[in-house]
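Q: So that we are looking at the same thing, I have put the structure below in structure tokens.
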Amino acid sequence: MKTEPTTAQELVGIVTGGWRAQAVHAAAVFRLPDHVEAGLATDPELAAASGVPEQGIRRLMRLLVAMRVFEEDPALGYRSTELSRALLDRAGTLRDMCLLYGAEFYTAWGRAADCLRTLTAGFELVHGEPLYPYLDGHPDLADRFQRTMRAGNLFFDRVPDVFDFSGGKTVVDCGGGNGHLLSVLLGAAPDARGKLVDRDHVIPLARAHLAGTVGPDRVELFGGDMFRAVPEGGDVYVFCRVLAGWSDDDAVTAFTHCRRAMAGPASRLLILDRVVADRGSTVLPALWDLHLLMTTGGGHRSLDRLRSLLDRAGWHLERTAELPMEHTALIAAPRTGTDTGR
């Protein structure tokens with residue numbers, strides 16, 4: 001069988017994708033975007049600043065220019081691009097994501113065949129324990145993970161467009177991480193108050209972020225397990241990208257806690273996540289679903305599956321709304337006449 005050149009070229013582009021990712025990872029490790037942004041435009045200058053031999057710099061930069069991460073002018077040397085600026089060592093960039101995905105998560109994907117064969121997370125196969133317990137014992141990596149999550153939350157500013165948080169509502173962010181989402185929601189509704197629950201080691205990060213954004217007087221922080229309990233009296237309970245690593249039964253348990261703890265029948269539950277379709281899926285949701293299997297052993301759920309889990313916990317799916325980066329907002333209302341277990 002003869003493979004057509006165009007087919008071969010397309011397939012080679014796919015199977016060498018990991019090489020490209022590692023080249024960008026190396027650039028972030030050596031802080032090449034920062035050096036070029038600072039005006040270092042030649043191989044000798046970048047070699048001196050990064051501690052990498054000039055030959056290595058030249059060969060790496062040749063590929064990065066071909067990938068349009070940088071530009072190269074014959075007379076002026078290297079120049080920054082929007083891609084390289086997204087990798088600067090500054091708050092709000094994607095550098096931490098690049099470093100995490102090019103190291104710990106890259107090794108997890110290296111066990112893809114074993115992961116798929118056993119349905120055991122590739123991360124656990126490499127590191128000997130699941131991701132979240134591993135993060136608990138590695139605070140530096142946990143910080144990078146939280147910063148990575150924040151950098152990927154490009155849709156947060158659009159959430160207040162699909163749900164009204166004003167009117168003095170109490171917003172409970174379940175698994176709220178460093179508080180970035182809650183700060184956006186409270187910023188959009190100055191009369192709202194917030195509560196955040198997450199693992200104990202995350203609470204100091206949330207406290208620092210929320211104190212510097214909306215102020216400590218508008219937020220209560222709870223260290224603990226949202227699958228055991230959630231704060232009482234919420235008008236809105238939010239689950240943002242935190243359910244994919246947990247079982248259906250765990251999700252139902254968390255939703256049930258919210259149903260029992262809610263302020264009243266006007267309370268709502270919001271799920272902000274990617275929704276996967278078994279047929280006709282686009283690349284990004286399918287890719288992230290497989291990535292979750294590699295890292296946590298979890299996965300994204302279909303709309304019908306999420307609707308079923310909500311129904312089991314006494315909620316009904318009221319409506320959905322599309323968000324950027326192929327995320328979906330699911331808004332659920334308490335089902336009338338459902339026993340809350342009070």
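Labels for the structure tokens follow display order: chains A, B, ..., residues from 1 in each chain, ligands from 1.
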Could you pull out all residues of stretch 133-272 of chain A with a DSSP call of strand (DSSP E or B) and give them as a PyMOL selection string?
A: chain A and resi 170-174+193-198+219-223+234+236-240+262+268-272
Q: Could you name the residues that touch A:Met294 at 6 Å or less, counting only C-alpha atoms, but leaving out those on the same chain fewer than 4 positions away, as a VMD selection string?
A: chain A and resid 108 to 109 121 to 122
Q: Applying 9 Å and only C-alpha atoms, which residues near A:Leu269 remain after dropping the ones on its own chain fewer than 3 positions away? List them as a PyMOL selection string.
A: chain A and resi 235-239+255+258-259+315+330-334
Q: Do a neighbour search on stretch 90-101 of chain A at 9 Å with only C-alpha atoms, toss out local chain neighbours closer than 4 positions, and write the hits as a PyMOL selection string.
A: chain A and resi 21+24-26+28-29+85-86+105-107+141+144-145+147-152
Q: Can you list, as a PyMOL selection string, all residues belonging to stretch 198-239 of chain A that DSSP tags as helix (DSSP H, G or I)?
A: chain A and resi 200-213+216-218
Q: Create the file for the chosen residues now, containing C-alpha atoms and written as a PDB file, in the first residue's frame.
A:
ATOM      1  CA  ASP A 200      -7.248  23.178  53.441  1.00  0.00           C
ATOM      2  CA  HIS A 201      -3.967  23.877  51.661  1.00  0.00           C
ATOM      3  CA  VAL A 202      -5.770  25.923  48.965  1.00  0.00           C
ATOM      4  CA  ILE A 203      -7.511  28.294  51.386  1.00  0.00           C
ATOM      5  CA  PRO A 204      -4.469  30.569  51.985  1.00  0.00           C
ATOM      6  CA  LEU A 205      -4.224  31.131  48.206  1.00  0.00           C
ATOM      7  CA  ALA A 206      -7.923  31.998  48.039  1.00  0.00           C
ATOM      8  CA  ARG A 207      -7.652  34.295  51.051  1.00  0.00           C
ATOM      9  CA  ALA A 208      -4.770  36.240  49.500  1.00  0.00           C
ATOM     10  CA  HIS A 209      -6.445  36.590  46.106  1.00  0.00           C
ATOM     11  CA  LEU A 210      -9.876  37.575  47.410  1.00  0.00           C
ATOM     12  CA  ALA A 211      -8.448  40.029  49.937  1.00  0.00           C
ATOM     13  CA  GLY A 212      -6.660  41.792  47.096  1.00  0.00           C
ATOM     14  CA  THR A 213      -9.663  41.871  44.753  1.00  0.00           C
ATOM     15  CA  PRO A 216     -12.120  39.976  52.901  1.00  0.00           C
ATOM     16  CA  ASP A 217     -15.376  41.358  54.300  1.00  0.00           C
ATOM     17  CA  ARG A 218     -17.470  39.988  51.412  1.00  0.00           C
TER      18      ARG A 218
END
Q: Stretch 240-253 of chain A: which residues within 10 Å, counting only C-alpha atoms, same-chain residues fewer than 4 positions away excluded, as a short mmCIF file (atom, residue, chain, number, x, y, z; two decimals) with all heavy atoms, in the first residue's frame?
A:
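And here's part32.cif as it stands now:
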data_model
loop_
_atom_site.label_atom_id
_atom_site.label_comp_id
_atom_site.auth_asym_id
_atom_site.auth_seq_id
_atom_site.Cartn_x
_atom_site.Cartn_y
_atom_site.Cartn_z
N LEU A 131 -3.33 12.36 41.28
CA LEU A 131 -2.89 13.75 41.16
C LEU A 131 -3.13 14.56 42.42
O LEU A 131 -2.21 15.21 42.94
CB LEU A 131 -3.60 14.41 39.97
CG LEU A 131 -3.37 15.92 39.80
CD1 LEU A 131 -1.90 16.22 39.54
CD2 LEU A 131 -4.23 16.47 38.66
N TYR A 132 -4.37 14.57 42.94
CA TYR A 132 -4.68 15.49 44.03
C TYR A 132 -3.94 15.15 45.32
O TYR A 132 -3.40 16.06 45.97
CB TYR A 132 -6.20 15.56 44.25
CG TYR A 132 -6.91 16.21 43.07
CD1 TYR A 132 -7.85 15.51 42.32
CD2 TYR A 132 -6.61 17.53 42.69
CE1 TYR A 132 -8.48 16.10 41.24
CE2 TYR A 132 -7.25 18.12 41.62
CZ TYR A 132 -8.17 17.40 40.89
OH TYR A 132 -8.79 17.99 39.81
N MET A 149 -4.59 26.57 36.32
CA MET A 149 -6.04 26.58 36.24
C MET A 149 -6.55 28.00 36.01
O MET A 149 -7.46 28.23 35.21
CB MET A 149 -6.64 26.00 37.52
CG MET A 149 -6.39 24.52 37.70
SD MET A 149 -7.25 23.50 36.49
CE MET A 149 -8.95 23.69 37.05
N ASN A 153 -8.69 29.97 32.59
CA ASN A 153 -10.07 30.38 32.87
C ASN A 153 -10.44 31.63 32.08
O ASN A 153 -10.91 32.63 32.64
CB ASN A 153 -10.23 30.63 34.37
CG ASN A 153 -10.08 29.34 35.17
OD1 ASN A 153 -10.33 28.26 34.67
ND2 ASN A 153 -9.66 29.46 36.42
N PHE A 156 -14.18 33.21 32.31
CA PHE A 156 -14.79 33.66 33.56
C PHE A 156 -15.56 34.97 33.40
O PHE A 156 -16.65 35.13 33.95
CB PHE A 156 -13.73 33.82 34.65
CG PHE A 156 -13.32 32.54 35.31
CD1 PHE A 156 -13.74 31.31 34.83
CD2 PHE A 156 -12.48 32.55 36.42
CE1 PHE A 156 -13.37 30.12 35.43
CE2 PHE A 156 -12.11 31.36 37.05
CZ PHE A 156 -12.55 30.16 36.54
N ASP A 173 -18.93 29.00 45.99
CA ASP A 173 -18.06 28.38 44.98
C ASP A 173 -17.51 27.09 45.57
O ASP A 173 -16.69 27.11 46.49
CB ASP A 173 -16.93 29.34 44.62
CG ASP A 173 -16.20 28.92 43.35
OD1 ASP A 173 -16.43 27.79 42.89
OD2 ASP A 173 -15.40 29.72 42.83
N CYS A 174 -17.96 25.97 45.05
CA CYS A 174 -17.58 24.64 45.55
C CYS A 174 -16.34 24.16 44.81
O CYS A 174 -16.37 24.00 43.59
CB CYS A 174 -18.72 23.66 45.36
SG CYS A 174 -20.27 24.15 46.16
N GLY A 175 -15.25 23.96 45.55
CA GLY A 175 -13.98 23.64 44.92
C GLY A 175 -13.43 24.87 44.21
O GLY A 175 -12.89 24.78 43.11
N GLY A 176 -13.52 26.02 44.89
CA GLY A 176 -13.25 27.30 44.25
C GLY A 176 -11.80 27.66 44.05
O GLY A 176 -11.51 28.75 43.54
N GLY A 177 -10.87 26.80 44.44
CA GLY A 177 -9.46 27.06 44.18
C GLY A 177 -8.99 28.36 44.80
O GLY A 177 -9.28 28.66 45.96
N LEU A 181 -12.59 32.81 40.13
CA LEU A 181 -13.96 32.89 39.63
C LEU A 181 -14.84 33.69 40.59
O LEU A 181 -15.61 34.57 40.16
CB LEU A 181 -14.55 31.50 39.41
CG LEU A 181 -16.03 31.46 39.03
CD1 LEU A 181 -16.27 32.18 37.72
CD2 LEU A 181 -16.55 30.03 38.98
N MET A 226 -15.93 19.20 49.79
CA MET A 226 -17.28 19.52 49.33
C MET A 226 -18.13 18.26 49.15
O MET A 226 -19.35 18.36 49.00
CB MET A 226 -17.21 20.28 48.01
CG MET A 226 -16.65 19.48 46.84
SD MET A 226 -16.55 20.51 45.35
CE MET A 226 -15.83 19.33 44.19
N PHE A 227 -17.52 17.09 49.17
CA PHE A 227 -18.28 15.85 49.08
C PHE A 227 -18.76 15.38 50.45
O PHE A 227 -19.50 14.41 50.56
CB PHE A 227 -17.45 14.76 48.40
CG PHE A 227 -17.03 15.14 47.00
CD1 PHE A 227 -15.72 15.49 46.73
CD2 PHE A 227 -17.96 15.18 45.98
CE1 PHE A 227 -15.34 15.85 45.46
CE2 PHE A 227 -17.59 15.55 44.70
CZ PHE A 227 -16.27 15.89 44.44
N ARG A 228 -18.34 16.10 51.48
CA ARG A 228 -18.84 15.83 52.84
C ARG A 228 -19.85 16.88 53.28
O ARG A 228 -20.82 16.57 53.98
CB ARG A 228 -17.67 15.77 53.84
CG ARG A 228 -16.75 14.58 53.63
CD ARG A 228 -15.65 14.57 54.68
NE ARG A 228 -14.78 13.42 54.54
CZ ARG A 228 -15.00 12.24 55.09
NH1 ARG A 228 -16.07 12.06 55.85
NH2 ARG A 228 -14.17 11.23 54.91
N ALA A 229 -19.62 18.13 52.89
CA ALA A 229 -20.53 19.21 53.27
C ALA A 229 -20.20 20.45 52.46
O ALA A 229 -19.07 20.62 51.98
CB ALA A 229 -20.41 19.53 54.77
N HIS A 257 -25.81 17.75 48.75
CA HIS A 257 -25.43 18.67 49.84
C HIS A 257 -25.95 20.08 49.53
O HIS A 257 -26.47 20.76 50.42
CB HIS A 257 -23.92 18.70 50.01
CG HIS A 257 -23.33 17.45 50.60
ND1 HIS A 257 -23.96 16.73 51.58
CD2 HIS A 257 -22.15 16.81 50.35
CE1 HIS A 257 -23.21 15.69 51.91
NE2 HIS A 257 -22.12 15.71 51.18
N CYS A 258 -25.80 20.52 48.28
CA CYS A 258 -26.26 21.86 47.90
C CYS A 258 -27.77 21.95 48.01
O CYS A 258 -28.31 22.98 48.47
CB CYS A 258 -25.81 22.19 46.48
SG CYS A 258 -24.02 22.23 46.25
N ARG A 259 -28.46 20.91 47.61
CA ARG A 259 -29.94 20.91 47.68
C ARG A 259 -30.40 21.07 49.12
O ARG A 259 -31.38 21.77 49.40
CB ARG A 259 -30.44 19.57 47.09
CG ARG A 259 -31.96 19.43 47.07
CD ARG A 259 -32.57 20.31 46.00
NE ARG A 259 -34.00 20.02 45.83
CZ ARG A 259 -34.98 20.52 46.56
NH1 ARG A 259 -34.69 21.33 47.57
NH2 ARG A 259 -36.23 20.22 46.30
N LEU A 270 -25.12 26.01 39.46
CA LEU A 270 -24.47 26.24 38.17
C LEU A 270 -23.30 25.28 38.01
O LEU A 270 -22.46 25.14 38.90
CB LEU A 270 -23.92 27.68 38.09
CG LEU A 270 -24.83 28.76 37.51
CD1 LEU A 270 -26.05 28.96 38.40
CD2 LEU A 270 -24.06 30.05 37.33
N ILE A 271 -23.24 24.62 36.87
CA ILE A 271 -22.09 23.82 36.48
C ILE A 271 -21.44 24.51 35.29
O ILE A 271 -22.10 24.78 34.28
CB ILE A 271 -22.51 22.39 36.09
CG1 ILE A 271 -23.21 21.70 37.25
CG2 ILE A 271 -21.28 21.57 35.66
CD1 ILE A 271 -23.81 20.35 36.88
N LEU A 272 -20.16 24.82 35.40
CA LEU A 272 -19.40 25.45 34.32
C LEU A 272 -18.31 24.48 33.90
O LEU A 272 -17.36 24.22 34.65
CB LEU A 272 -18.78 26.77 34.80
CG LEU A 272 -19.74 27.76 35.49
CD1 LEU A 272 -18.96 28.95 36.05
CD2 LEU A 272 -20.81 28.22 34.54
N ASP A 273 -18.45 23.92 32.70
CA ASP A 273 -17.50 22.89 32.30
C ASP A 273 -17.62 22.65 30.80
O ASP A 273 -18.51 23.19 30.14
CB ASP A 273 -17.78 21.58 33.06
CG ASP A 273 -16.51 20.81 33.40
OD1 ASP A 273 -15.53 20.91 32.64
OD2 ASP A 273 -16.51 20.12 34.43
N ARG A 274 -16.73 21.82 30.28
CA ARG A 274 -16.88 21.33 28.91
C ARG A 274 -17.82 20.14 28.92
O ARG A 274 -17.76 19.30 29.81
CB ARG A 274 -15.53 20.94 28.32
CG ARG A 274 -14.64 22.14 27.99
CD ARG A 274 -13.43 21.71 27.19
NE ARG A 274 -12.68 22.88 26.73
CZ ARG A 274 -11.63 23.39 27.37
NH1 ARG A 274 -11.21 22.82 28.50
NH2 ARG A 274 -11.01 24.45 26.92
N ASP A 289 -11.11 15.76 27.35
CA ASP A 289 -11.67 14.57 28.00
C ASP A 289 -10.60 13.50 28.15
O ASP A 289 -10.47 12.89 29.23
CB ASP A 289 -12.85 14.05 27.18
CG ASP A 289 -13.38 12.73 27.72
OD1 ASP A 289 -13.92 12.73 28.84
OD2 ASP A 289 -13.25 11.70 27.03
N LEU A 292 -8.03 14.40 30.81
CA LEU A 292 -8.48 14.13 32.18
C LEU A 292 -8.24 12.67 32.56
O LEU A 292 -7.88 12.37 33.70
CB LEU A 292 -9.96 14.48 32.32
CG LEU A 292 -10.27 15.98 32.34
CD1 LEU A 292 -11.76 16.20 32.17
CD2 LEU A 292 -9.78 16.61 33.64
N LEU A 293 -8.44 11.77 31.61
CA LEU A 293 -8.14 10.37 31.88
C LEU A 293 -6.66 10.19 32.18
O LEU A 293 -6.28 9.44 33.10
CB LEU A 293 -8.55 9.50 30.69
CG LEU A 293 -8.26 8.00 30.80
CD1 LEU A 293 -8.97 7.39 32.01
CD2 LEU A 293 -8.67 7.28 29.52
N THR A 295 -4.59 12.39 33.47
CA THR A 295 -4.11 13.09 34.67
C THR A 295 -4.83 12.69 35.95
O THR A 295 -4.20 12.51 37.00
CB THR A 295 -4.23 14.61 34.48
OG1 THR A 295 -5.57 14.95 34.11
CG2 THR A 295 -3.27 15.08 33.39
N THR A 296 -6.15 12.58 35.89
CA THR A 296 -6.91 12.28 37.11
C THR A 296 -7.67 10.96 37.05
O THR A 296 -8.19 10.51 38.07
CB THR A 296 -7.94 13.40 37.40
OG1 THR A 296 -8.97 13.36 36.39
CG2 THR A 296 -7.28 14.76 37.42
N GLY A 297 -7.74 10.37 35.86
CA GLY A 297 -8.57 9.19 35.70
C GLY A 297 -10.02 9.53 35.44
O GLY A 297 -10.86 8.63 35.30
N GLY A 298 -10.34 10.81 35.37
CA GLY A 298 -11.71 11.26 35.18
C GLY A 298 -12.03 11.52 33.72
O GLY A 298 -11.33 11.06 32.82
N GLY A 299 -13.09 12.29 33.50
CA GLY A 299 -13.49 12.61 32.14
C GLY A 299 -14.66 13.57 32.12
O GLY A 299 -15.33 13.77 33.13
N HIS A 300 -14.88 14.18 30.96
CA HIS A 300 -16.04 15.05 30.80
C HIS A 300 -17.29 14.21 30.60
O HIS A 300 -17.23 13.05 30.19
CB HIS A 300 -15.83 15.99 29.61
CG HIS A 300 -14.84 17.07 29.87
ND1 HIS A 300 -14.93 17.91 30.96
CD2 HIS A 300 -13.74 17.46 29.18
CE1 HIS A 300 -13.92 18.76 30.93
NE2 HIS A 300 -13.18 18.52 29.87
N ARG A 301 -18.44 14.83 30.87
CA ARG A 301 -19.72 14.14 30.77
C ARG A 301 -20.57 14.77 29.67
O ARG A 301 -20.41 15.94 29.33
CB ARG A 301 -20.46 14.21 32.11
CG ARG A 301 -19.75 13.47 33.24
CD ARG A 301 -20.46 13.69 34.57
NE ARG A 301 -19.94 12.84 35.64
CZ ARG A 301 -18.95 13.19 36.47
NH1 ARG A 301 -18.36 14.37 36.35
NH2 ARG A 301 -18.55 12.35 37.41
N ARG A 305 -25.99 12.97 30.57
CA ARG A 305 -25.47 12.36 31.79
C ARG A 305 -25.51 13.35 32.95
O ARG A 305 -25.88 13.00 34.08
CB ARG A 305 -24.05 11.87 31.55
CG ARG A 305 -23.45 11.04 32.68
CD ARG A 305 -22.16 10.44 32.21
NE ARG A 305 -21.34 9.91 33.30
CZ ARG A 305 -20.07 9.58 33.16
NH1 ARG A 305 -19.48 9.72 31.99
NH2 ARG A 305 -19.39 9.11 34.19
N LEU A 306 -25.16 14.60 32.69
CA LEU A 306 -25.21 15.62 33.73
C LEU A 306 -26.66 15.86 34.16
O LEU A 306 -26.94 16.05 35.35
CB LEU A 306 -24.57 16.91 33.24
CG LEU A 306 -23.04 16.90 33.16
CD1 LEU A 306 -22.54 18.08 32.35
CD2 LEU A 306 -22.42 16.89 34.55
N SER A 308 -29.00 13.70 34.20
CA SER A 308 -29.38 12.57 35.03
C SER A 308 -28.83 12.69 36.44
O SER A 308 -29.52 12.40 37.42
CB SER A 308 -28.88 11.27 34.38
OG SER A 308 -29.12 10.16 35.21
N LEU A 309 -27.58 13.15 36.57
CA LEU A 309 -26.98 13.30 37.90
C LEU A 309 -27.71 14.38 38.69
O LEU A 309 -27.95 14.22 39.90
CB LEU A 309 -25.49 13.65 37.77
CG LEU A 309 -24.61 12.64 37.05
CD1 LEU A 309 -23.16 13.09 37.06
CD2 LEU A 309 -24.74 11.25 37.67
N LEU A 310 -28.06 15.48 38.04
CA LEU A 310 -28.81 16.53 38.71
C LEU A 310 -30.16 16.02 39.18
O LEU A 310 -30.61 16.30 40.30
CB LEU A 310 -28.99 17.72 37.77
CG LEU A 310 -27.73 18.55 37.49
CD1 LEU A 310 -27.93 19.45 36.27
CD2 LEU A 310 -27.33 19.37 38.70
N ASP A 311 -30.81 15.25 38.33
CA ASP A 311 -32.13 14.71 38.68
C ASP A 311 -32.04 13.79 39.90
O ASP A 311 -32.90 13.84 40.79
CB ASP A 311 -32.70 13.95 37.48
CG ASP A 311 -34.10 13.44 37.74
OD1 ASP A 311 -35.03 14.26 37.80
OD2 ASP A 311 -34.26 12.21 37.91
N ARG A 312 -31.00 12.98 39.96
CA ARG A 312 -30.81 12.09 41.11
C ARG A 312 -30.67 12.87 42.41
O ARG A 312 -31.04 12.38 43.49
CB ARG A 312 -29.58 11.20 40.90
CG ARG A 312 -29.75 10.08 39.91
CD ARG A 312 -28.43 9.38 39.63
NE ARG A 312 -27.80 8.89 40.86
CZ ARG A 312 -26.57 8.38 40.90
NH1 ARG A 312 -25.84 8.32 39.79
NH2 ARG A 312 -26.07 7.95 42.05
N ALA A 313 -30.13 14.09 42.34
CA ALA A 313 -29.89 14.89 43.54
C ALA A 313 -31.02 15.86 43.84
O ALA A 313 -30.90 16.67 44.78
CB ALA A 313 -28.57 15.65 43.38
N GLY A 314 -32.10 15.82 43.07
CA GLY A 314 -33.24 16.69 43.36
C GLY A 314 -33.22 18.01 42.63
O GLY A 314 -33.90 18.96 43.05
N HIS A 327 -16.81 26.00 26.51
CA HIS A 327 -17.39 25.67 27.81
C HIS A 327 -18.91 25.90 27.76
O HIS A 327 -19.40 26.67 26.92
CB HIS A 327 -16.77 26.52 28.92
CG HIS A 327 -15.39 26.10 29.30
ND1 HIS A 327 -14.27 26.46 28.57
CD2 HIS A 327 -14.94 25.35 30.34
CE1 HIS A 327 -13.20 25.95 29.15
NE2 HIS A 327 -13.57 25.27 30.21
N ALA A 329 -22.42 26.54 30.37
CA ALA A 329 -23.02 26.79 31.68
C ALA A 329 -24.33 26.02 31.76
O ALA A 329 -25.19 26.16 30.88
CB ALA A 329 -23.27 28.28 31.89
#
Q: So, counting only C-alpha atoms, which residue among A:Leu46, A:Ala103, A:Pro5, A:Cys115 is closest to A:Ala23?
A: A:Ala103
Q: Which residues come within 7 Å of stretch 54-65 of chain A, counting only C-alpha atoms, excluding same-chain residues fewer than 3 positions away, as a VMD selection string?
A: chain A and resid 23 43 to 44 47 68 to 72
Q: Set the distance at 12 Å and use only C-alpha atoms: which residues neighbour A:Lys169 once local chain neighbours fewer than 6 positions away are removed? I'd like the list as a PDB file with C-alpha atoms, in the first residue's frame.
A:
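Written out: selection07.pdb:
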ATOM      1  CA  PHE A 163     -26.557  34.365  34.967  1.00  0.00           C
ATOM      2  CA  LEU A 185     -18.658  37.038  40.040  1.00  0.00           C
ATOM      3  CA  LEU A 186     -18.608  39.328  43.086  1.00  0.00           C
ATOM      4  CA  ALA A 188     -19.885  41.894  38.583  1.00  0.00           C
ATOM      5  CA  ALA A 189     -22.443  42.031  41.423  1.00  0.00           C
ATOM      6  CA  PRO A 190     -21.264  44.485  44.121  1.00  0.00           C
ATOM      7  CA  ASP A 191     -24.210  43.637  46.400  1.00  0.00           C
ATOM      8  CA  ALA A 192     -23.467  39.883  46.371  1.00  0.00           C
ATOM      9  CA  ARG A 193     -21.531  37.994  49.014  1.00  0.00           C
ATOM     10  CA  GLY A 194     -19.463  34.868  48.603  1.00  0.00           C
ATOM     11  CA  LYS A 195     -18.481  31.638  50.283  1.00  0.00           C
ATOM     12  CA  ARG A 218     -17.470  39.988  51.412  1.00  0.00           C
ATOM     13  CA  GLY A 233     -27.524  29.437  52.935  1.00  0.00           C
ATOM     14  CA  GLY A 234     -26.386  29.758  49.339  1.00  0.00           C
ATOM     15  CA  ASP A 235     -28.534  31.359  46.680  1.00  0.00           C
ATOM     16  CA  VAL A 236     -26.188  30.059  43.972  1.00  0.00           C
ATOM     17  CA  TYR A 237     -23.940  26.999  44.202  1.00  0.00           C
ATOM     18  CA  MET A 262     -29.620  26.060  49.827  1.00  0.00           C
ATOM     19  CA  ALA A 263     -31.294  29.208  51.055  1.00  0.00           C
ATOM     20  CA  GLY A 264     -34.661  28.425  49.489  1.00  0.00           C
ATOM     21  CA  ALA A 266     -35.216  30.297  44.382  1.00  0.00           C
ATOM     22  CA  SER A 267     -31.657  28.961  44.764  1.00  0.00           C
ATOM     23  CA  ARG A 268     -29.839  27.704  41.694  1.00  0.00           C
TER      24      ARG A 268
END
